[in-house]
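What's in final_7.csv: CSV, C-alpha atoms and all ligand atoms
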chain,number,residue,atom,x,y,z
A,488,MET,CA,9.8,-10.4,-6.2
A,489,LYS,CA,10.0,-14.1,-6.3
A,490,LEU,CA,9.9,-14.6,-2.6
A,491,LEU,CA,6.5,-12.8,-2.3
A,492,GLU,CA,5.1,-14.5,-5.4
A,493,ASP,CA,6.0,-17.9,-4.1
A,494,ARG,CA,4.3,-17.1,-0.8
A,495,ILE,CA,1.2,-15.9,-2.6
A,496,ARG,CA,1.1,-19.1,-4.6
A,497,GLU,CA,1.6,-21.3,-1.4
A,498,GLU,CA,-0.7,-19.4,1.0
A,499,GLY,CA,-2.9,-17.1,-0.9
A,500,VAL,CA,-6.6,-17.9,-1.2
A,501,VAL,CA,-8.6,-16.6,-4.2
A,502,LYS,CA,-12.1,-15.5,-3.2
A,503,GLU,CA,-15.1,-14.4,-5.1
A,504,GLY,CA,-15.3,-10.9,-6.5
A,505,GLY,CA,-11.6,-10.6,-7.4
A,506,VAL,CA,-10.4,-10.7,-3.8
A,507,LEU,CA,-7.1,-12.4,-2.8
A,508,LYS,CA,-6.8,-13.4,0.8
A,509,VAL,CA,-3.3,-13.3,2.2
A,510,ASP,CA,-4.2,-13.1,5.9
A,511,ARG,CA,-1.9,-16.1,6.7
A,512,PHE,CA,1.2,-13.9,6.2
A,513,LEU,CA,0.5,-10.3,5.2
A,514,ASN,CA,-2.5,-8.6,6.8
A,515,HIS,CA,-3.8,-10.6,9.8
A,516,GLN,CA,-1.1,-13.0,10.8
A,517,MET,CA,2.1,-11.3,9.8
A,518,ASP,CA,5.4,-12.8,8.7
A,519,VAL,CA,7.8,-10.1,9.7
A,520,GLY,CA,10.8,-11.9,8.2
A,521,LEU,CA,9.1,-11.6,4.8
A,522,PHE,CA,8.2,-7.9,5.5
A,523,ARG,CA,12.0,-7.3,6.1
A,524,GLU,CA,12.8,-8.7,2.7
A,525,MET,CA,10.1,-6.6,1.1
A,526,ALA,CA,11.4,-3.5,2.8
A,527,LYS,CA,14.9,-4.2,1.5
A,528,GLU,CA,13.5,-4.5,-2.0
A,529,TRP,CA,11.7,-1.2,-1.7
A,530,LYS,CA,14.9,0.3,-0.4
A,531,ARG,CA,16.7,-0.9,-3.4
A,532,ARG,CA,14.1,0.3,-5.8
A,533,PHE,CA,13.9,3.8,-4.2
A,534,ALA,CA,17.7,4.1,-3.5
A,535,GLY,CA,19.0,7.6,-3.5
A,536,ALA,CA,15.5,9.1,-3.5
A,537,GLY,CA,15.9,10.8,-0.1
A,538,VAL,CA,12.8,9.3,1.5
A,539,ASN,CA,12.3,10.8,4.9
A,540,LYS,CA,8.7,9.9,5.6
A,541,ILE,CA,6.5,6.9,4.9
A,542,LEU,CA,2.8,7.3,4.6
A,543,THR,CA,0.3,4.4,4.7
A,544,ILE,CA,-3.4,3.8,5.6
A,545,GLU,CA,-4.9,1.8,8.5
A,546,ALA,CA,-5.1,-1.0,9.1
A,547,SER,CA,-3.4,-3.4,6.9
A,548,GLY,CA,-0.7,-1.1,5.5
A,549,ILE,CA,0.7,-0.4,9.0
A,550,GLY,CA,2.8,-3.6,9.5
A,551,ILE,CA,4.7,-3.5,6.3
A,552,ALA,CA,5.1,0.3,6.5
A,553,CYS,CA,6.7,0.0,9.9
A,554,ILE,CA,9.3,-2.4,8.7
A,555,ALA,CA,9.9,-0.3,5.6
A,556,ALA,CA,10.3,2.8,7.8
A,557,GLU,CA,13.0,1.0,9.8
A,558,GLU,CA,14.8,0.1,6.6
A,559,PHE,CA,14.7,3.7,5.3
A,560,GLY,CA,15.5,5.1,8.8
A,561,CYS,CA,12.5,7.4,8.9
A,562,ARG,CA,9.2,7.8,10.6
A,563,VAL,CA,5.9,6.4,9.4
A,564,VAL,CA,2.5,8.1,9.5
A,565,PHE,CA,-0.7,6.2,8.9
A,566,ALA,CA,-3.9,7.9,7.6
A,567,LYS,CA,-6.9,7.2,9.8
A,568,LYS,CA,-10.3,6.3,8.6
A,569,THR,CA,-13.1,8.2,10.4
A,570,GLN,CA,-16.8,8.5,10.2
A,571,GLY,CA,-16.7,12.2,9.5
A,572,LYS,CA,-16.5,13.5,13.0
A,573,ASN,CA,-13.8,15.8,14.5
A,574,LEU,CA,-12.7,17.1,11.1
A,575,ASP,CA,-11.1,20.4,11.8
A,576,GLY,CA,-8.5,22.7,10.1
A,577,GLU,CA,-5.6,20.9,11.6
A,578,LEU,CA,-6.2,17.9,9.4
A,579,TYR,CA,-5.7,16.9,5.8
A,580,THR,CA,-8.8,15.1,4.7
A,581,THR,CA,-9.9,13.0,1.7
A,582,GLN,CA,-12.4,10.4,0.9
A,583,ILE,CA,-11.7,6.8,-0.1
A,584,THR,CA,-14.0,4.1,-1.3
A,585,SER,CA,-13.0,0.8,0.2
A,586,PHE,CA,-12.6,-2.0,-2.4
A,587,THR,CA,-13.2,-4.8,0.0
A,588,LYS,CA,-15.9,-3.2,2.2
A,589,GLY,CA,-17.7,-1.2,-0.5
A,590,ARG,CA,-18.0,1.9,1.8
A,591,VAL,CA,-16.8,5.5,1.6
A,592,PHE,CA,-14.5,6.6,4.4
A,593,ASP,CA,-13.2,10.0,5.4
A,594,VAL,CA,-9.5,9.7,5.8
A,595,ILE,CA,-7.4,12.1,7.8
A,596,VAL,CA,-3.8,12.9,8.5
A,597,ALA,CA,-2.8,15.6,11.1
A,598,LYS,CA,-1.1,18.5,9.4
A,599,LYS,CA,1.7,18.5,11.9
A,600,PHE,CA,2.9,15.1,10.7
A,601,LEU,CA,3.3,16.0,6.9
A,602,GLY,CA,4.7,19.1,5.3
A,603,PRO,CA,6.9,20.7,2.6
A,604,GLU,CA,10.1,19.3,4.2
A,605,ASP,CA,9.0,15.7,3.7
A,606,ARG,CA,10.0,13.4,0.9
A,607,VAL,CA,7.2,10.8,1.0
A,608,LEU,CA,7.1,7.1,0.1
A,609,ILE,CA,3.5,5.8,0.2
A,610,ILE,CA,3.3,2.1,1.2
A,611,ASP,CA,0.2,-0.2,1.0
A,612,ASP,CA,-0.6,-3.9,0.9
A,613,PHE,CA,-2.8,-4.0,-2.2
A,614,LEU,CA,-3.5,-1.9,-5.3
A,615,ALA,CA,-6.8,-2.7,-6.9
A,616,ASN,CA,-8.8,0.2,-8.4
A,617,GLY,CA,-6.4,2.8,-7.0
A,618,CYS,CA,-8.8,4.7,-4.8
A,619,ALA,CA,-6.7,4.3,-1.7
A,620,LEU,CA,-3.5,5.5,-3.4
A,621,GLU,CA,-5.3,8.4,-5.1
A,622,GLY,CA,-6.5,9.6,-1.7
A,623,LEU,CA,-3.1,9.3,-0.1
A,624,ILE,CA,-1.5,11.1,-3.1
A,625,SER,CA,-3.9,13.9,-2.8
A,626,ILE,CA,-3.0,14.3,0.9
A,627,VAL,CA,0.7,14.4,0.0
A,628,ARG,CA,0.0,17.1,-2.7
A,629,GLU,CA,-2.1,19.2,-0.3
A,630,SER,CA,0.7,19.1,2.3
A,631,GLY,CA,3.3,20.5,-0.1
A,632,ALA,CA,5.5,17.4,0.5
A,633,THR,CA,7.4,15.8,-2.3
A,634,LEU,CA,5.9,12.4,-3.5
A,635,VAL,CA,8.9,10.1,-4.1
A,636,GLY,CA,6.6,7.2,-5.2
A,637,CYS,CA,4.5,4.4,-4.1
A,638,GLY,CA,5.5,0.9,-2.9
A,639,ILE,CA,2.8,-1.8,-3.1
A,640,ALA,CA,3.1,-5.4,-1.9
A,641,ILE,CA,0.5,-6.9,-4.3
A,642,GLU,CA,-0.9,-5.1,-7.3
A,643,LYS,CA,-3.8,-6.8,-9.1
A,644,GLY,CA,-2.8,-6.0,-12.6
A,645,PHE,CA,-6.2,-6.9,-14.0
A,646,GLN,CA,-7.8,-3.9,-12.2
A,647,GLU,CA,-7.3,-0.3,-13.2
A,648,GLY,CA,-5.3,1.1,-10.3
A,649,GLY,CA,-1.8,0.5,-11.6
A,650,LYS,CA,-2.5,2.1,-15.0
A,651,LYS,CA,-4.2,5.1,-13.4
A,652,ILE,CA,-1.3,5.8,-11.0
A,653,ARG,CA,1.4,5.3,-13.6
A,654,ALA,CA,-0.5,7.6,-16.0
A,655,MET,CA,-0.2,10.3,-13.3
A,656,GLY,CA,3.6,10.1,-13.6
A,657,VAL,CA,4.0,8.5,-10.2
A,658,LYS,CA,6.8,6.0,-9.7
A,659,LEU,CA,5.0,2.9,-8.6
A,660,GLU,CA,6.9,-0.2,-7.5
A,661,SER,CA,4.7,-3.3,-6.9
A,662,LEU,CA,6.6,-6.3,-5.5
A,663,ALA,CA,4.1,-8.8,-7.1
A,664,ILE,CA,1.7,-8.1,-9.9
A,665,VAL,CA,-1.1,-10.6,-10.3
A,666,GLU,CA,-2.0,-11.0,-13.9
A,667,SER,CA,-4.8,-13.4,-13.4
A,668,MET,CA,-6.2,-15.5,-10.6
A,669,SER,CA,-8.8,-18.2,-10.2
A,670,GLU,CA,-9.3,-21.4,-8.1
A,671,ASP,CA,-7.0,-23.1,-10.6
A,672,GLY,CA,-4.1,-20.8,-9.9
A,673,ILE,CA,-2.4,-17.4,-10.0
A,674,THR,CA,-0.2,-16.0,-12.7
A,675,PHE,CA,2.1,-13.0,-12.2
A,676,ARG,CA,3.4,-10.4,-14.6
A,677,GLU,CA,7.0,-10.9,-15.7
A,678,GLU,CA,9.3,-8.1,-14.5
B,1,LIG,P1,-8.1,0.2,-4.2
B,1,LIG,O1,-8.3,1.5,-3.4
B,1,LIG,O2,-6.8,0.2,-5.0
B,1,LIG,O3,-9.3,-0.3,-5.0
B,1,LIG,O4,-7.9,-1.0,-3.1
B,1,LIG,C1,-6.8,-1.0,-2.2
B,1,LIG,C2,-7.2,-1.3,-0.8
B,1,LIG,O5,-8.3,-2.3,-0.8
B,1,LIG,C3,-6.0,-1.9,-0.1
B,1,LIG,O6,-5.7,-0.9,1.0
B,1,LIG,C4,-6.5,-3.2,0.5
B,1,LIG,O7,-6.6,-3.1,1.9
B,1,LIG,C5,-7.8,-3.5,-0.1
B,1,LIG,N1,-7.8,-4.5,-1.1
B,1,LIG,C6,-8.0,-4.4,-2.4
B,1,LIG,N2,-8.0,-5.6,-3.1
B,1,LIG,C7,-7.8,-6.5,-2.1
B,1,LIG,C8,-7.7,-7.9,-2.2
B,1,LIG,O8,-7.8,-8.6,-3.2
B,1,LIG,N3,-7.4,-8.6,-1.0
B,1,LIG,C9,-7.3,-7.9,0.2
B,1,LIG,N4,-7.0,-8.6,1.3
B,1,LIG,N5,-7.4,-6.5,0.3
B,1,LIG,C10,-7.6,-5.8,-0.9
Here is a file; write its structure as structure tokens.
Amino acid sequence: MKLLEDRIREEGVVKEGGVLKVDRFLNHQMDVGLFREMAKEWKRRFAGAGVNKILTIEASGIGIACIAAEEFGCRVVFAKKTQGKNLDGELYTTQITSFTKGRVFDVIVAKKFLGPEDRVLIIDDFLANGCALEGLISIVRESGATLVGCGIAIEKGFQEGGKKIRAMGVKLESLAIVESMSEDGITFREE
């Protein structure tokens, strides 16, 4: 999606350790007009799929997922990160290793918010090694809901996540796929 790629080129900052900072427009300060265009693009790519629930993970997926949910006309649930307390039978739980923080989190979703009647689109800001998506996918599977696919804002194509998720047979739609990045510049995979 050219609009997003241009914005990444203009305002993204490449950090050490393969981290791309996009906090000027995506996950700290937020450009909701851009989110609207991204949501429309996901709507186009998942047209006719009958999405009736969007699932994301706190914190940085929530903004884009809310605008996407408005576009799809459905509700949005966000998985919560916990420190392992209050885990009871009313919750779906999984564990996720954070790429940026290098820590393992328990992640929970209340069972009452996800079930067999749901057709779920997972939305997140970044795809790196795929751990966050794998965790969210396992929660969808456990709930008996149908996984329609995953919509990602920025996939880092030089990490393993995209390959892993596509190999699972999951429809994965990333709006910008970074092929390489350094202080000298960022290149994107051609669509
Ligand atoms: P994964 O689980 O695919 O390794 O990493 C995905 C999660 O890590 C995303 O939810 C995102 O919050 C965070 N993340 C991964 N790579 C980056 C990055 O380059 N920049 C930022 N800002 N977040 C990232």
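Nearest to Arg676 of chain A of all the residues A:Ile641, A:Ile652, A:Ile624, A:Met525 is A:Ile641, counting only C-alpha atoms.
Atom pair atom CA of Glu497 of chain A / atom N2 of ligand LIG 1 (chain B) has a distance of 18.5 Å (rounded to one decimal).
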Inset, instruction - Show which residues sit within 12 Å of Arg532 of chain A, as a PyMOL selection string. Count all atoms listed in the file, and ignore same-chain residues fewer than 6 positions away. - result: chain A and resi 488+525-526+538+559+608+635-639+658-662
Inset, instruction - Give the residue list for ligand LIG 1 (chain B) at 9 Å, counting all atoms listed in the file, as a ChimeraX atom specification, sorted by chain and then by residue number. - result: /A:501-502,504-510,513-514,543-548,583-588,611-622,641-643,646-649
Residue selection dump (C-alpha atoms) as an mmCIF file, keeping the file's coordinate frame:
data_model
loop_
_atom_site.group_PDB
_atom_site.id
_atom_site.type_symbol
_atom_site.label_atom_id
_atom_site.label_comp_id
_atom_site.auth_asym_id
_atom_site.auth_seq_id
_atom_site.Cartn_x
_atom_site.Cartn_y
_atom_site.Cartn_z
ATOM 1 C CA VAL A 501 -8.600 -16.600 -4.200
ATOM 2 C CA LYS A 502 -12.100 -15.500 -3.200
ATOM 3 C CA GLY A 504 -15.300 -10.900 -6.500
ATOM 4 C CA GLY A 505 -11.600 -10.600 -7.400
ATOM 5 C CA VAL A 506 -10.400 -10.700 -3.800
ATOM 6 C CA LEU A 507 -7.100 -12.400 -2.800
ATOM 7 C CA LYS A 508 -6.800 -13.400 0.800
ATOM 8 C CA VAL A 509 -3.300 -13.300 2.200
ATOM 9 C CA ASP A 510 -4.200 -13.100 5.900
ATOM 10 C CA LEU A 513 0.500 -10.300 5.200
ATOM 11 C CA ASN A 514 -2.500 -8.600 6.800
ATOM 12 C CA THR A 543 0.300 4.400 4.700
ATOM 13 C CA ILE A 544 -3.400 3.800 5.600
ATOM 14 C CA GLU A 545 -4.900 1.800 8.500
ATOM 15 C CA ALA A 546 -5.100 -1.000 9.100
ATOM 16 C CA SER A 547 -3.400 -3.400 6.900
ATOM 17 C CA GLY A 548 -0.700 -1.100 5.500
ATOM 18 C CA ILE A 583 -11.700 6.800 -0.100
ATOM 19 C CA THR A 584 -14.000 4.100 -1.300
ATOM 20 C CA SER A 585 -13.000 0.800 0.200
ATOM 21 C CA PHE A 586 -12.600 -2.000 -2.400
ATOM 22 C CA THR A 587 -13.200 -4.800 0.000
ATOM 23 C CA LYS A 588 -15.900 -3.200 2.200
ATOM 24 C CA ASP A 611 0.200 -0.200 1.000
ATOM 25 C CA ASP A 612 -0.600 -3.900 0.900
ATOM 26 C CA PHE A 613 -2.800 -4.000 -2.200
ATOM 27 C CA LEU A 614 -3.500 -1.900 -5.300
ATOM 28 C CA ALA A 615 -6.800 -2.700 -6.900
ATOM 29 C CA ASN A 616 -8.800 0.200 -8.400
ATOM 30 C CA GLY A 617 -6.400 2.800 -7.000
ATOM 31 C CA CYS A 618 -8.800 4.700 -4.800
ATOM 32 C CA ALA A 619 -6.700 4.300 -1.700
ATOM 33 C CA LEU A 620 -3.500 5.500 -3.400
ATOM 34 C CA GLU A 621 -5.300 8.400 -5.100
ATOM 35 C CA GLY A 622 -6.500 9.600 -1.700
ATOM 36 C CA ILE A 641 0.500 -6.900 -4.300
ATOM 37 C CA GLU A 642 -0.900 -5.100 -7.300
ATOM 38 C CA LYS A 643 -3.800 -6.800 -9.100
ATOM 39 C CA GLN A 646 -7.800 -3.900 -12.200
ATOM 40 C CA GLU A 647 -7.300 -0.300 -13.200
ATOM 41 C CA GLY A 648 -5.300 1.100 -10.300
ATOM 42 C CA GLY A 649 -1.800 0.500 -11.600
#
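Between Ala640 of chain A and the residues A:Thr569, A:Arg653, A:Ala663, A:Ala556, the shortest atom-to-atom distance, using all atoms listed in the file, involves A:Ala663.
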Inset, instruction - Work out how far apart atom CA of Gly602 of chain A and atom CA of Ile541 of chain A are and give it in Å to one decimal. - result: 12.3 Å
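Here atom CA of Glu577 of chain A stands at a distance of 23.8 Å from atom CA of Ala552 of chain A.
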Inset, instruction - Find, counting only C-alpha atoms, the residue in A:Ile595, A:Pro603, A:Gly537, A:Ile609 that gets nearest to Cys553 of chain A. - result: A:Ile609
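Here the question is which of A:Phe592, A:Glu558, A:Lys599, A:Arg628 gets nearest to Phe522 of chain A using all atoms listed in the file, and that residue is A:Glu558.
Proximity of A:Ala555, A:Leu521, A:Cys561, A:Val596 to Glu492 of chain A, computed with all atoms listed in the file, is greatest for A:Leu521.
When all atoms listed in the file are used to compute distances to His515 of chain A, the closest of the residues A:Val500, A:Phe533, A:Gly550, A:Tyr579 turns out to be A:Gly550.
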Regenerate segment 535-546 of chain A at the level of all heavy atoms and dump it as a PDB file, in the frame of the given file.
ATOM      1  N   GLY A 535      18.526   6.290  -3.110  1.00  0.00           N
ATOM      2  CA  GLY A 535      19.000   7.600  -3.500  1.00  0.00           C
ATOM      3  C   GLY A 535      17.839   8.633  -3.643  1.00  0.00           C
ATOM      4  O   GLY A 535      18.061   9.772  -4.054  1.00  0.00           O
ATOM      5  N   ALA A 536      16.614   8.243  -3.319  1.00  0.00           N
ATOM      6  CA  ALA A 536      15.500   9.100  -3.500  1.00  0.00           C
ATOM      7  C   ALA A 536      15.255  10.066  -2.305  1.00  0.00           C
ATOM      8  O   ALA A 536      14.400  10.954  -2.347  1.00  0.00           O
ATOM      9  CB  ALA A 536      14.205   8.341  -3.780  1.00  0.00           C
ATOM     10  N   GLY A 537      16.020   9.851  -1.252  1.00  0.00           N
ATOM     11  CA  GLY A 537      15.900  10.800  -0.100  1.00  0.00           C
ATOM     12  C   GLY A 537      14.649  10.645   0.696  1.00  0.00           C
ATOM     13  O   GLY A 537      14.188  11.634   1.277  1.00  0.00           O
ATOM     14  N   VAL A 538      14.073   9.449   0.735  1.00  0.00           N
ATOM     15  CA  VAL A 538      12.800   9.300   1.500  1.00  0.00           C
ATOM     16  C   VAL A 538      13.042   9.593   2.963  1.00  0.00           C
ATOM     17  O   VAL A 538      13.958   9.076   3.586  1.00  0.00           O
ATOM     18  CB  VAL A 538      12.330   7.787   1.357  1.00  0.00           C
ATOM     19  CG1 VAL A 538      11.138   7.527   2.276  1.00  0.00           C
ATOM     20  CG2 VAL A 538      11.984   7.461  -0.083  1.00  0.00           C
ATOM     21  N   ASN A 539      12.224  10.498   3.504  1.00  0.00           N
ATOM     22  CA  ASN A 539      12.300  10.800   4.900  1.00  0.00           C
ATOM     23  C   ASN A 539      11.003  10.667   5.679  1.00  0.00           C
ATOM     24  O   ASN A 539      10.881  11.049   6.836  1.00  0.00           O
ATOM     25  CB  ASN A 539      12.975  12.167   5.191  1.00  0.00           C
ATOM     26  CG  ASN A 539      12.114  13.300   4.662  1.00  0.00           C
ATOM     27  OD1 ASN A 539      11.005  13.089   4.170  1.00  0.00           O
ATOM     28  ND2 ASN A 539      12.621  14.512   4.753  1.00  0.00           N
ATOM     29  N   LYS A 540       9.986  10.130   4.980  1.00  0.00           N
ATOM     30  CA  LYS A 540       8.700   9.900   5.600  1.00  0.00           C
ATOM     31  C   LYS A 540       7.956   8.797   4.845  1.00  0.00           C
ATOM     32  O   LYS A 540       7.969   8.813   3.604  1.00  0.00           O
ATOM     33  CB  LYS A 540       7.866  11.188   5.620  1.00  0.00           C
ATOM     34  CG  LYS A 540       6.564  11.198   6.388  1.00  0.00           C
ATOM     35  CD  LYS A 540       6.648  11.288   7.909  1.00  0.00           C
ATOM     36  CE  LYS A 540       7.453  12.370   8.553  1.00  0.00           C
ATOM     37  NZ  LYS A 540       6.719  13.569   8.919  1.00  0.00           N
ATOM     38  N   ILE A 541       7.350   7.889   5.584  1.00  0.00           N
ATOM     39  CA  ILE A 541       6.500   6.900   4.900  1.00  0.00           C
ATOM     40  C   ILE A 541       5.075   7.124   5.345  1.00  0.00           C
ATOM     41  O   ILE A 541       4.800   7.404   6.524  1.00  0.00           O
ATOM     42  CB  ILE A 541       7.011   5.465   5.276  1.00  0.00           C
ATOM     43  CG1 ILE A 541       8.302   5.217   4.479  1.00  0.00           C
ATOM     44  CG2 ILE A 541       5.956   4.405   4.952  1.00  0.00           C
ATOM     45  CD1 ILE A 541       8.916   3.875   4.621  1.00  0.00           C
ATOM     46  N   LEU A 542       4.198   7.056   4.361  1.00  0.00           N
ATOM     47  CA  LEU A 542       2.800   7.300   4.600  1.00  0.00           C
ATOM     48  C   LEU A 542       2.030   5.995   4.193  1.00  0.00           C
ATOM     49  O   LEU A 542       2.269   5.435   3.119  1.00  0.00           O
ATOM     50  CB  LEU A 542       2.263   8.450   3.777  1.00  0.00           C
ATOM     51  CG  LEU A 542       0.758   8.741   3.844  1.00  0.00           C
ATOM     52  CD1 LEU A 542       0.340   9.199   5.250  1.00  0.00           C
ATOM     53  CD2 LEU A 542       0.375   9.826   2.824  1.00  0.00           C
ATOM     54  N   THR A 543       1.123   5.534   5.076  1.00  0.00           N
ATOM     55  CA  THR A 543       0.300   4.400   4.700  1.00  0.00           C
ATOM     56  C   THR A 543      -1.125   4.667   5.237  1.00  0.00           C
ATOM     57  O   THR A 543      -1.438   5.777   5.666  1.00  0.00           O
ATOM     58  CB  THR A 543       0.872   3.092   5.330  1.00  0.00           C
ATOM     59  OG1 THR A 543       0.129   1.981   4.805  1.00  0.00           O
ATOM     60  CG2 THR A 543       0.786   3.061   6.848  1.00  0.00           C
ATOM     61  N   ILE A 544      -1.982   3.652   5.145  1.00  0.00           N
ATOM     62  CA  ILE A 544      -3.400   3.800   5.600  1.00  0.00           C
ATOM     63  C   ILE A 544      -3.731   2.633   6.503  1.00  0.00           C
ATOM     64  O   ILE A 544      -3.312   1.503   6.231  1.00  0.00           O
ATOM     65  CB  ILE A 544      -4.326   3.979   4.403  1.00  0.00           C
ATOM     66  CG1 ILE A 544      -5.771   4.176   4.857  1.00  0.00           C
ATOM     67  CG2 ILE A 544      -4.212   2.821   3.430  1.00  0.00           C
ATOM     68  CD1 ILE A 544      -6.680   4.756   3.780  1.00  0.00           C
ATOM     69  N   GLU A 545      -4.496   2.927   7.563  1.00  0.00           N
ATOM     70  CA  GLU A 545      -4.900   1.800   8.500  1.00  0.00           C
ATOM     71  C   GLU A 545      -5.884   0.919   7.761  1.00  0.00           C
ATOM     72  O   GLU A 545      -6.598   1.374   6.892  1.00  0.00           O
ATOM     73  CB  GLU A 545      -5.454   2.393   9.762  1.00  0.00           C
ATOM     74  CG  GLU A 545      -6.789   3.081   9.626  1.00  0.00           C
ATOM     75  CD  GLU A 545      -7.337   3.517  10.990  1.00  0.00           C
ATOM     76  OE1 GLU A 545      -6.741   3.198  12.029  1.00  0.00           O
ATOM     77  OE2 GLU A 545      -8.375   4.201  10.981  1.00  0.00           O
ATOM     78  N   ALA A 546      -5.966  -0.327   8.115  1.00  0.00           N
ATOM     79  CA  ALA A 546      -5.100  -1.000   9.100  1.00  0.00           C
ATOM     80  C   ALA A 546      -4.016  -1.776   8.483  1.00  0.00           C
ATOM     81  O   ALA A 546      -2.898  -1.826   8.995  1.00  0.00           O
ATOM     82  CB  ALA A 546      -5.994  -1.869   9.966  1.00  0.00           C
TER      83      ALA A 546
END
